[in-house]
Each structure stands twice: as structure tokens, then as C-alpha cells.
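Let me begin by presenting the structure, written as C-alpha cells, before commenting on it.
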Number of protein chains: 2
Amino acid sequence: MKLGEGVEAAIHCAATLASVAGNSTMPGAALAESFGLSPSYLLKHLNQLTAARILESVPGPAGGYRLARAAERITLLDIVLAIEGREPAFRCGEIRRNGPVKLDASAYIKPCGVNAAMLWAESAYRAVLAETRLSDIVAEYAAEGDPRAFAASCAFVERHQRPQKSNPTKQTPARS
Amino acid sequence: MKLGEGVEAAIHCAATLASVAGNSTMPGAALAESFGLSPSYLLKHLNQLTAARILESVPGPAGGYRLARAAERITLLDIVLAIEGREPAFRCGEIRRNGPVKLDASAYIKPCGVNAAMLWAESAYRAVLAETRLSDIVAEYAAEGDPRAFAASCAFVERHQRPQKSNPTKQTPARS
DNA sequence: GATATCGTACTCGGATATGGGCTGTCCGAGTAACCACGG
DNA sequence: CCGTGGTTACTCGGACAGCCCATATCCGAGTACGATATC
């Protein structure tokens with residue numbers, strides 16, 4: 001039970017991108033610099049977010065990343081699942097069947113109670129994450145956070161965002 | 001976000017030990033055989049449960065493991081924390097401070113909102129696990145599970161449990 | 001001066017090494033049962 | 001027959017390798033911008 005540290009980076013990057021106006025983009029290198037992370041490694045996580053349709057990428061000079069949809073329609077659950085994978089954390093190996101007494105498969109038609117309990121707990125975890133929108137994170141940061149830090153963040157975004165020629169049709173073209 | 005498979009083994013073993021009567025014990029080898037697991041490896045997890053005061057171990061011949069307290073007072077959270085560790089899954093690296101603009105530490109007296117949201121979700125996860133007692137798992141298994149599997153499990157326990165001479169004072173003596 | 005063409009520089013994307021932790025196994029310390037012996 | 005000592009065998013506990021995934025990095029494909037040569 002340990003989340004990769006890429007989750008933290010992904011959430012902070014998404015929150016930063018939420019401050020980018022319109023369809024402007026921000027390069028991954030700028031995001032990495034914003035949090036003191038390795039640019040090459042952060043690209044991997046940003047790529048995962050792009051594959052999950054949370055971010056959009058624009059190649060070429062003046063390219064970068066932006067949110068694929070409004071921050072109100074992105075939840076923390078989306079980001080966590082994009083980074084950590086969609087399968088549940090608890091995987092039932094059905095070890096109850098591996099005992100010395102071999103029973104017919106009809107004895108195990110009922111799902112494993114342990115698995116059900118663990119999955120129920122995890123559904124509660126995911127429900128809370130699903131209730132937290134990215135816009136909530138940004139709003140809480142703007143309201144509760146230190147004004148200096150917020151201003152510095154906004155200035156950094158303003159300095160590194162690259163406006164795009166309005167071409168909303170052709171973006172993130174290929175998907176293998 | 002992926003739990004080790006030792007959690008599943010630990011829960012099933014604890015549920016099995018809940019069926020052991022009185023202060024009798026059950027060897028780890030029998031528990032491993034009961035689920036088709038490697039005895040040597042299961043010992044590691046049972047040892048963790050013992051260190052967490054969930055199980056008690058009795059050395060020597062006719063020794064083994066038993067629950068340290070009633071199954072009603074053992075929750076799934078206890079077992080999960082004993083195996084996976086007590087620290088939260090999400091570790092905030094405070095990457096918001098690592099940006100190029102160096103601010104005074106007074107700008108970060110407020111806790112990180114991302115960290116708070118993730119920890120809040122995890123507290124919901126743990127709350128559900130804390131509400132599920134080991135006795136609930138056993139009762140659900142006895143009521144909902146297949147009667148044949150339950151009877152086989154009870155017979156296995158009955159065959160492998162070792163009664164102890166009533167000596168409740170001196171058990172699990174040393175703790176380093 | 002306007003336009004087509006070429007070169008360049010910047011971006012993302014995937015393929016490639018490395019390290020830590022979970023997995024799996026082994027051997028040693030300790031203890032209670034068992035048995036032999038003596039009283 | 002009962003008590004005592006030694007042996008034995010069984011248990012747990014911790015120390016030792018192996019493998020897989022997350023981490024970290026690099027290089028290549030693709031694209032828009034800018035300069036340049038031409039009309």
C-alpha cells in the first residue's frame with residue numbers, strides 16, 4: 001500500500017495547468033522546473049495523463065500540454081487511476097481454493113468475503129477521490145494558500161504559457 | 001497503489017485462527033497447507049502479525065499461533081496496517097516548495113491541499129476497514145459461504161489445532 | 001515586395017538502464033514433549 | 001511406581017538470494033517557426 005510519487009507530481013501539474021488560460025499550452029520542461037523535478041521523468045507521467053484523455057499535447061515549438069477538459073470535470077480519481085492503473089489495489093488470489101481438500105467449483109460460486117470487504121473499502125476511497133474536483137484543489141489553493149506562493153505560481157504560469165492558434169479540431173491527433 | 005499479496009494470506013489465516021477454540025494453537029505449517037502457500041514465506045507475515053500484537057506465538061512442539069484477543073476486537077485495518085505498514089500510502093514530498101522561486105518557510109505553514117485531500121480519502125478507506133471486524137468475516141463466511149467449504153475448513157482446524165496447558169501468563173515473552 | 005522552400009530548433013513519445021522493495025528460501029535459537037534411568 | 005535428567009524433534013525467528021516494478025535517463029520522430037533564395 002504505497003502510491004508512487006508520480007501521483008503527487010501529476011496532481012500538482014494538473015492544478016498548474018488549470019491556471020493556463022484558454023487553449024494555451026505549457027511545456028513539460030516548464031512544469032518540471034516549476035516543481036524541481038526531472039523533466040525527462042515527468043514526461044512519462046504527463047504522457048500517461050495524455051493517454052487517459054486528461055491532458056492534451058501539442059507537439060512542435062510553442063507546443064506543450066493543456067487540460068483536455070474543464071477543471072470542474074476532472075477529479076482526483078481520474079488522475080490517480082491514470083497514474084496507478086485502474087485495477088483495484090487488492091487482488092484476490094482465491095487462496096481459499098488452494099487448500100488440501102479439493103472441492104468442486106460449485107462450492108465457490110459466492111465471491112470471497114475478504115475480497116468483498118477490501119473492495120468495499122477501496123470503493124469508499126475512490127468515492128472520496130471522485131468527489132474532489134481539480135477545480136476544488138485550485139480554489140482551495142487560491143483561497144487558503146499563502147498569497148505570495150499563489151502569486152509566484154501565477155507569474156510562473158503567465159511567463160511560460162504559450163498561446164495557440166485557434167485550431168480546436170486537430171489536437172492530439174494520433175492514438176495508437 | 002497495489003497491496004502485497006501477503007495481506008490476503010494474513011486475513012485468511014487470522015480468520016482461520018478465529019475458529020480455533022480457547023487457547024489452543026495452530027502451527028504455521030498447517031495454515032500454509034490450508035491455503036497452498038509456502039510455509040517459509042507465510043511465517044514472515046505471521047511474524048509481522050505477532051509483532052503487531054494481533055497474534056500470539058507459542059514455541060516448541062505442540063506450539064503455533066493463536067489470536068492475541070477476541071475476533072470481535074480485531075479489525076481488518078489492524079491486519080492491513082500490520083502487513084503494509086502504518087504510514088499513509090500517499091507521501092507528500094512538498095514539491096510545491098521546490099520551484100525556482102524560493103519563498104520563505106512562512107509561506108508554507110498551511111498544509112498542502114493535495115496532501116490533505118489524499119489523506120482524507122485514505123482516512124475514509126481506513127474507516128471502512130476499521131468497521132469490519134474479523135468476527136464479521138468469519139460470520140459472513142459461515143452464513144453465506146458454501147456449507148461444504150465451511151465444514152472442510154472446520155474439520156481442518158479441528159485436526160490441526162493443538163491444545164495448550166492453561167498457562168495464560170507466560171506467552172510471547174520476549175519483545176525486542 | 002511577396003512567396004515558396006529549406007533548415008533549424010523545440011516539442012513530445014517511446015525504448016533503454018538502474019535501484020529498492022516484495023517475494024521466496026534457508027538455517028539457527030529455543031522450548032516442550034518424550035524416553036530412559038535411577039530411586 | 002514416581003521423580004529426574006538427557007535427548008529429541010518440532011516450533012518460531014531472523015538472516016540470506018531472486019525477481020519484478022517504479023525510478024531515472026537518453027535518443028529519435030514530428031512539427032511549427034524563421035531565414036533565405038527566387039519570382
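Residue numbering restarts at 1 for every chain of the C-alpha cells, chains are lettered A, B, ... in their displayed order, and ligands are numbered from 1 as they appear.
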* To do: Pull out every residue of chain A that has at least one atom within 7 Å of chain B, counting only C-alpha atoms, and report them as a ChimeraX atom specification.
  => /A:1-3,33-36,84,89-90,95-96,98-100,107-108,110,113-114,121-122,124-125,128-129,137,141,145-146,148-149
Let's have the selection written as an mmCIF file, in the first residue's frame, with C-alpha atoms.
```cif
data_model
loop_
_atom_site.group_PDB
_atom_site.id
_atom_site.type_symbol
_atom_site.label_atom_id
_atom_site.label_comp_id
_atom_site.auth_asym_id
_atom_site.auth_seq_id
_atom_site.Cartn_x
_atom_site.Cartn_y
_atom_site.Cartn_z
ATOM 1 C CA MET A 1 0.000 0.000 0.000
ATOM 2 C CA LYS A 2 2.217 2.731 -1.266
ATOM 3 C CA LEU A 3 1.443 5.142 -4.058
ATOM 4 C CA GLU A 33 11.130 23.330 -13.413
ATOM 5 C CA SER A 34 8.117 24.576 -11.503
ATOM 6 C CA PHE A 35 8.412 21.690 -9.054
ATOM 7 C CA GLY A 36 12.110 20.885 -9.258
ATOM 8 C CA GLU A 84 -1.553 3.964 -10.792
ATOM 9 C CA ALA A 89 -5.237 -2.416 -5.142
ATOM 10 C CA PHE A 90 -6.397 -5.645 -3.528
ATOM 11 C CA ILE A 95 -6.286 -18.853 -1.999
ATOM 12 C CA ARG A 96 -9.277 -20.345 -0.231
ATOM 13 C CA ASN A 98 -5.840 -23.887 -2.819
ATOM 14 C CA GLY A 99 -6.320 -25.953 0.311
ATOM 15 C CA PRO A 100 -5.627 -29.673 0.570
ATOM 16 C CA ALA A 107 -18.577 -24.549 -3.730
ATOM 17 C CA TYR A 108 -17.059 -21.196 -4.639
ATOM 18 C CA LYS A 110 -20.157 -16.996 -3.863
ATOM 19 C CA GLY A 113 -15.933 -12.303 1.606
ATOM 20 C CA VAL A 114 -12.454 -10.958 2.235
ATOM 21 C CA ALA A 121 -13.200 -0.158 1.472
ATOM 22 C CA GLU A 122 -11.444 0.741 -1.716
ATOM 23 C CA ALA A 124 -15.054 4.321 -0.351
ATOM 24 C CA TYR A 125 -11.541 5.556 -1.062
ATOM 25 C CA VAL A 128 -13.896 10.449 -1.892
ATOM 26 C CA LEU A 129 -11.373 10.983 -4.650
ATOM 27 C CA ILE A 137 -7.895 21.952 -5.343
ATOM 28 C CA TYR A 141 -5.084 26.797 -3.013
ATOM 29 C CA GLY A 145 -2.768 29.140 0.464
ATOM 30 C CA ASP A 146 -0.228 31.861 1.014
ATOM 31 C CA ARG A 148 2.877 35.092 -2.165
ATOM 32 C CA ALA A 149 3.096 31.477 -3.243
#
```
* If you count only C-alpha atoms (C1' of nucleotides), which residues fall within 12 Å of DA9 (chain C), apart from same-chain ones fewer than 6 positions away, as a PyMOL selection string? -> (chain A and resi 60-62) or (chain D and resi 31-34)
* To do: When you get a sec, could you note down which chain B residues fall within 9 Å of chain D, using only C-alpha atoms (C1' of nucleotides), as a PyMOL selection string?
  => chain B and resi 27-28+43-44+47+57-64
Using 7 Å as the limit and counting only C-alpha atoms (C1' of nucleotides), can you tabulate each residue of chain C that touches chain B, with its shortest atom-to-atom distance in Å and the two atoms involved, as a Markdown table?
```
| residue | atom | partner | partner_atom | distance |
| --- | --- | --- | --- | --- |
| C:DG24 | C1' | B:Tyr41 | CA | 6.4 |
| C:DT25 | C1' | B:Ser40 | CA | 6.9 |
| C:DT31 | C1' | B:Gly60 | CA | 4.6 |
| C:DA32 | C1' | B:Gly60 | CA | 5.4 |
| C:DA33 | C1' | B:Pro61 | CA | 6.8 |
```
* CA of Leu55 (chain A) to C1' of DA29 (chain D): how many Å, to one decimal? ->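 So the answer is 20.6 Å.
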* To do: Could you find all residues in chain B that DSSP calls strand (DSSP E) from the backbone, and write them as an MDAnalysis selection string?
  => chainID B and resid 55:58 64:67
Would you mind exporting all heavy atoms of the selected residues as a tab-separated table (two decimals), in the first residue's frame?
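Wrote again23.tsv, looks like this:
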```
chain	number	residue	atom	x	y	z
B	55	LEU	N	-1.48	-11.57	16.80
B	55	LEU	CA	-1.35	-12.99	17.09
B	55	LEU	C	-0.40	-13.19	18.26
B	55	LEU	O	0.38	-12.30	18.60
B	55	LEU	CB	-0.82	-13.76	15.87
B	55	LEU	CG	-1.64	-13.70	14.57
B	55	LEU	CD1	-1.01	-14.60	13.53
B	55	LEU	CD2	-3.07	-14.08	14.82
B	56	GLU	N	-0.50	-14.37	18.83
B	56	GLU	CA	0.47	-14.80	19.83
B	56	GLU	C	1.10	-16.08	19.34
B	56	GLU	O	0.44	-16.92	18.74
B	56	GLU	CB	-0.22	-15.04	21.18
B	56	GLU	CG	-0.54	-13.77	21.92
B	56	GLU	CD	-1.32	-14.05	23.19
B	56	GLU	OE1	-1.76	-15.21	23.37
B	56	GLU	OE2	-1.48	-13.13	24.00
B	57	SER	N	2.38	-16.21	19.60
B	57	SER	CA	3.10	-17.41	19.15
B	57	SER	C	3.55	-18.21	20.36
B	57	SER	O	3.96	-17.65	21.38
B	57	SER	CB	4.31	-17.01	18.31
B	57	SER	OG	5.24	-16.31	19.10
B	58	VAL	N	3.46	-19.50	20.23
B	58	VAL	CA	3.91	-20.41	21.27
B	58	VAL	C	4.99	-21.29	20.65
B	58	VAL	O	4.71	-22.01	19.69
B	58	VAL	CB	2.76	-21.28	21.82
B	58	VAL	CG1	3.28	-22.30	22.81
B	58	VAL	CG2	1.70	-20.39	22.45
B	64	GLY	N	2.51	-23.04	18.14
B	64	GLY	CA	1.84	-22.49	16.96
B	64	GLY	C	1.36	-21.07	17.23
B	64	GLY	O	1.92	-20.36	18.06
B	65	TYR	N	0.33	-20.69	16.51
B	65	TYR	CA	-0.21	-19.34	16.63
B	65	TYR	C	-1.65	-19.38	17.10
B	65	TYR	O	-2.37	-20.36	16.88
B	65	TYR	CB	-0.16	-18.62	15.26
B	65	TYR	CG	1.23	-18.32	14.79
B	65	TYR	CD1	1.88	-19.18	13.91
B	65	TYR	CD2	1.89	-17.17	15.19
B	65	TYR	CE1	3.17	-18.92	13.47
B	65	TYR	CE2	3.17	-16.89	14.75
B	65	TYR	CZ	3.80	-17.77	13.89
B	65	TYR	OH	5.06	-17.49	13.45
B	66	ARG	N	-2.04	-18.30	17.72
B	66	ARG	CA	-3.45	-18.11	18.07
B	66	ARG	C	-3.70	-16.61	18.11
B	66	ARG	O	-2.76	-15.80	18.15
B	66	ARG	CB	-3.77	-18.75	19.42
B	66	ARG	CG	-3.37	-17.88	20.60
B	66	ARG	CD	-3.57	-18.55	21.94
B	66	ARG	NE	-2.43	-18.29	22.80
B	66	ARG	CZ	-2.00	-19.13	23.74
B	66	ARG	NH1	-2.60	-20.28	23.92
B	66	ARG	NH2	-0.95	-18.81	24.49
B	67	LEU	N	-4.97	-16.24	18.12
B	67	LEU	CA	-5.31	-14.81	18.19
B	67	LEU	C	-4.91	-14.26	19.55
B	67	LEU	O	-5.06	-14.92	20.58
B	67	LEU	CB	-6.81	-14.60	17.96
B	67	LEU	CG	-7.35	-14.98	16.58
B	67	LEU	CD1	-8.82	-14.61	16.50
B	67	LEU	CD2	-6.57	-14.31	15.48
```
* Asked: Restricting the calculation to only C-alpha atoms, which member of A:Ala71, A:Ile54, A:Ile79, A:Arg162 is positioned closest to Ala18 (chain A)?
  ->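 The closest residue to Ala18 (chain A) is A:Ala71.
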* Asked: Which parts of region 98-158 of chain A does DSSP call alpha helix (DSSP H) when run on the backbone here, written out as a ChimeraX atom specification?
  -> /A:113-131,134-144,147-158
